[in-house]
>>> print(open('data.txt').read())   # compact mmCIF, C-alpha atoms
# COMPACT_ATOMS: atom_id res chain seq x y z
CA MET R 1 -35.29 -96.75 -104.20
CA LEU R 2 -34.66 -100.47 -103.77
CA LEU R 3 -37.13 -103.22 -104.45
CA SER R 4 -38.33 -105.01 -101.35
CA THR R 5 -38.22 -108.39 -103.08
CA PRO R 6 -35.53 -109.67 -105.43
CA VAL R 7 -36.35 -109.64 -109.13
CA MET R 8 -34.64 -112.95 -109.76
CA ASN R 9 -32.75 -115.10 -107.29
CA GLN R 10 -31.57 -118.03 -109.33
CA SER R 11 -28.48 -118.80 -111.34
CA VAL R 12 -28.85 -118.81 -115.09
CA PRO R 13 -26.91 -121.47 -116.97
CA PRO R 14 -24.48 -120.09 -119.54
CA CYS R 15 -25.61 -120.16 -123.13
CA PRO R 16 -23.38 -122.62 -125.05
CA ASP R 17 -23.26 -120.32 -128.07
CA ASP R 18 -23.42 -116.73 -126.88
CA ARG R 19 -22.75 -115.03 -130.22
CA PRO R 20 -25.38 -112.27 -130.74
CA GLU R 21 -25.85 -113.12 -134.40
CA GLN R 22 -27.18 -116.55 -133.40
CA HIS R 23 -30.10 -115.20 -131.35
CA SER R 24 -33.37 -113.73 -132.53
CA LEU R 25 -34.71 -110.80 -130.53
CA SER R 26 -38.23 -111.51 -131.75
CA GLN R 27 -38.24 -115.10 -130.41
CA PRO R 28 -36.03 -115.73 -127.36
CA ASP R 29 -34.64 -119.21 -126.83
CA GLU R 30 -36.67 -120.25 -123.78
CA SER R 31 -34.18 -122.99 -122.89
CA HIS R 32 -31.60 -120.27 -122.12
CA ALA R 33 -33.61 -117.16 -121.31
CA ARG R 34 -36.35 -116.20 -118.91
CA VAL R 35 -38.74 -113.63 -120.37
CA LEU R 36 -39.96 -110.93 -117.98
CA SER R 37 -42.61 -108.38 -118.83
CA SER R 38 -41.38 -104.84 -118.28
CA THR R 39 -44.79 -104.11 -116.73
CA ASP R 40 -44.18 -106.84 -114.14
CA LEU R 41 -40.58 -105.76 -113.63
CA PHE R 42 -41.27 -102.03 -113.13
CA GLN R 43 -44.68 -102.37 -111.40
CA GLY R 44 -45.68 -98.80 -112.22
CA ARG R 45 -42.28 -97.29 -111.43
CA HIS R 46 -39.85 -95.73 -113.88
CA GLU R 47 -36.76 -97.39 -112.46
CA VAL R 48 -35.64 -100.51 -110.64
CA TRP R 49 -32.34 -101.51 -109.08
CA ILE R 50 -30.81 -104.89 -109.84
CA ASP R 51 -28.30 -106.53 -107.48
CA HIS R 52 -25.97 -108.64 -109.60
CA GLU R 53 -23.23 -110.41 -107.63
CA GLY R 54 -23.03 -107.57 -105.11
CA THR R 55 -23.03 -104.76 -107.68
CA LEU R 56 -26.12 -102.57 -108.06
CA TYR R 57 -27.35 -101.64 -111.51
CA ARG R 58 -30.05 -99.09 -112.28
CA LEU R 59 -32.58 -99.98 -114.99
CA ARG R 60 -34.81 -97.09 -115.98
CA GLN R 61 -37.33 -96.16 -118.62
CA THR R 62 -36.54 -93.00 -120.54
CA GLY R 63 -39.17 -90.43 -121.44
CA THR R 64 -39.51 -92.07 -124.86
CA GLY R 65 -40.04 -95.54 -123.35
CA LYS R 66 -36.60 -96.96 -124.04
CA LEU R 67 -34.68 -98.89 -121.38
CA TYR R 68 -31.35 -97.67 -120.00
CA LEU R 69 -29.09 -99.81 -117.78
CA SER R 70 -26.27 -98.20 -115.82
CA LYS R 71 -23.96 -99.04 -112.92
>>> encode(input="data.txt", output="structure tokens")
Amino acid sequence: MLLSTPVMNQSVPPCPDDRPEQHSLSQPDESHARVLSSTDLFQGRHEVWIDHEGTLYRLRQTGTGKLYLSK
């Protein structure tokens, strides 16, 4: 099942310091990240497909509510 409208159709500037230890998961750096609600992203579904540079990725919610991304 493909979404009829793109989730995001804009380029994201690279983060100048992309080391994971420099980022807080509880407070995203809004100058480098766009925060999307999973409710808005999934819109009542359990999976969505993301087209990234011509490659499709499947993002789904597991039975326990965790997110799983696969090619």
>>> atom_distance(input="data.txt", atom1="CA of His46 in chain R", atom2="CA of Ala33 in chain R")
23.5 Å
>>> closest_residue(input="data.txt", among="R:Leu41, R:Val35, R:Leu56, R:Val48", to="Tyr68 in chain R", atoms="only C-alpha atoms")
R:Val48
>>> atom_distance(input="data.txt", atom1="CA of His52 in chain R", atom2="CA of Gly65 in chain R")
23.6 Å
>>> atom_distance(input="data.txt", atom1="CA of Lys71 in chain R", atom2="CA of Thr55 in chain R")
7.8 Å
>>> residues_around(input="data.txt", residues="Tyr57 in chain R", least_positions_apart="6", cutoff="6 Å", atoms="all atoms listed in the file", output="list in words")
Trp49, Ile50, Ser70 and Lys71 of chain R
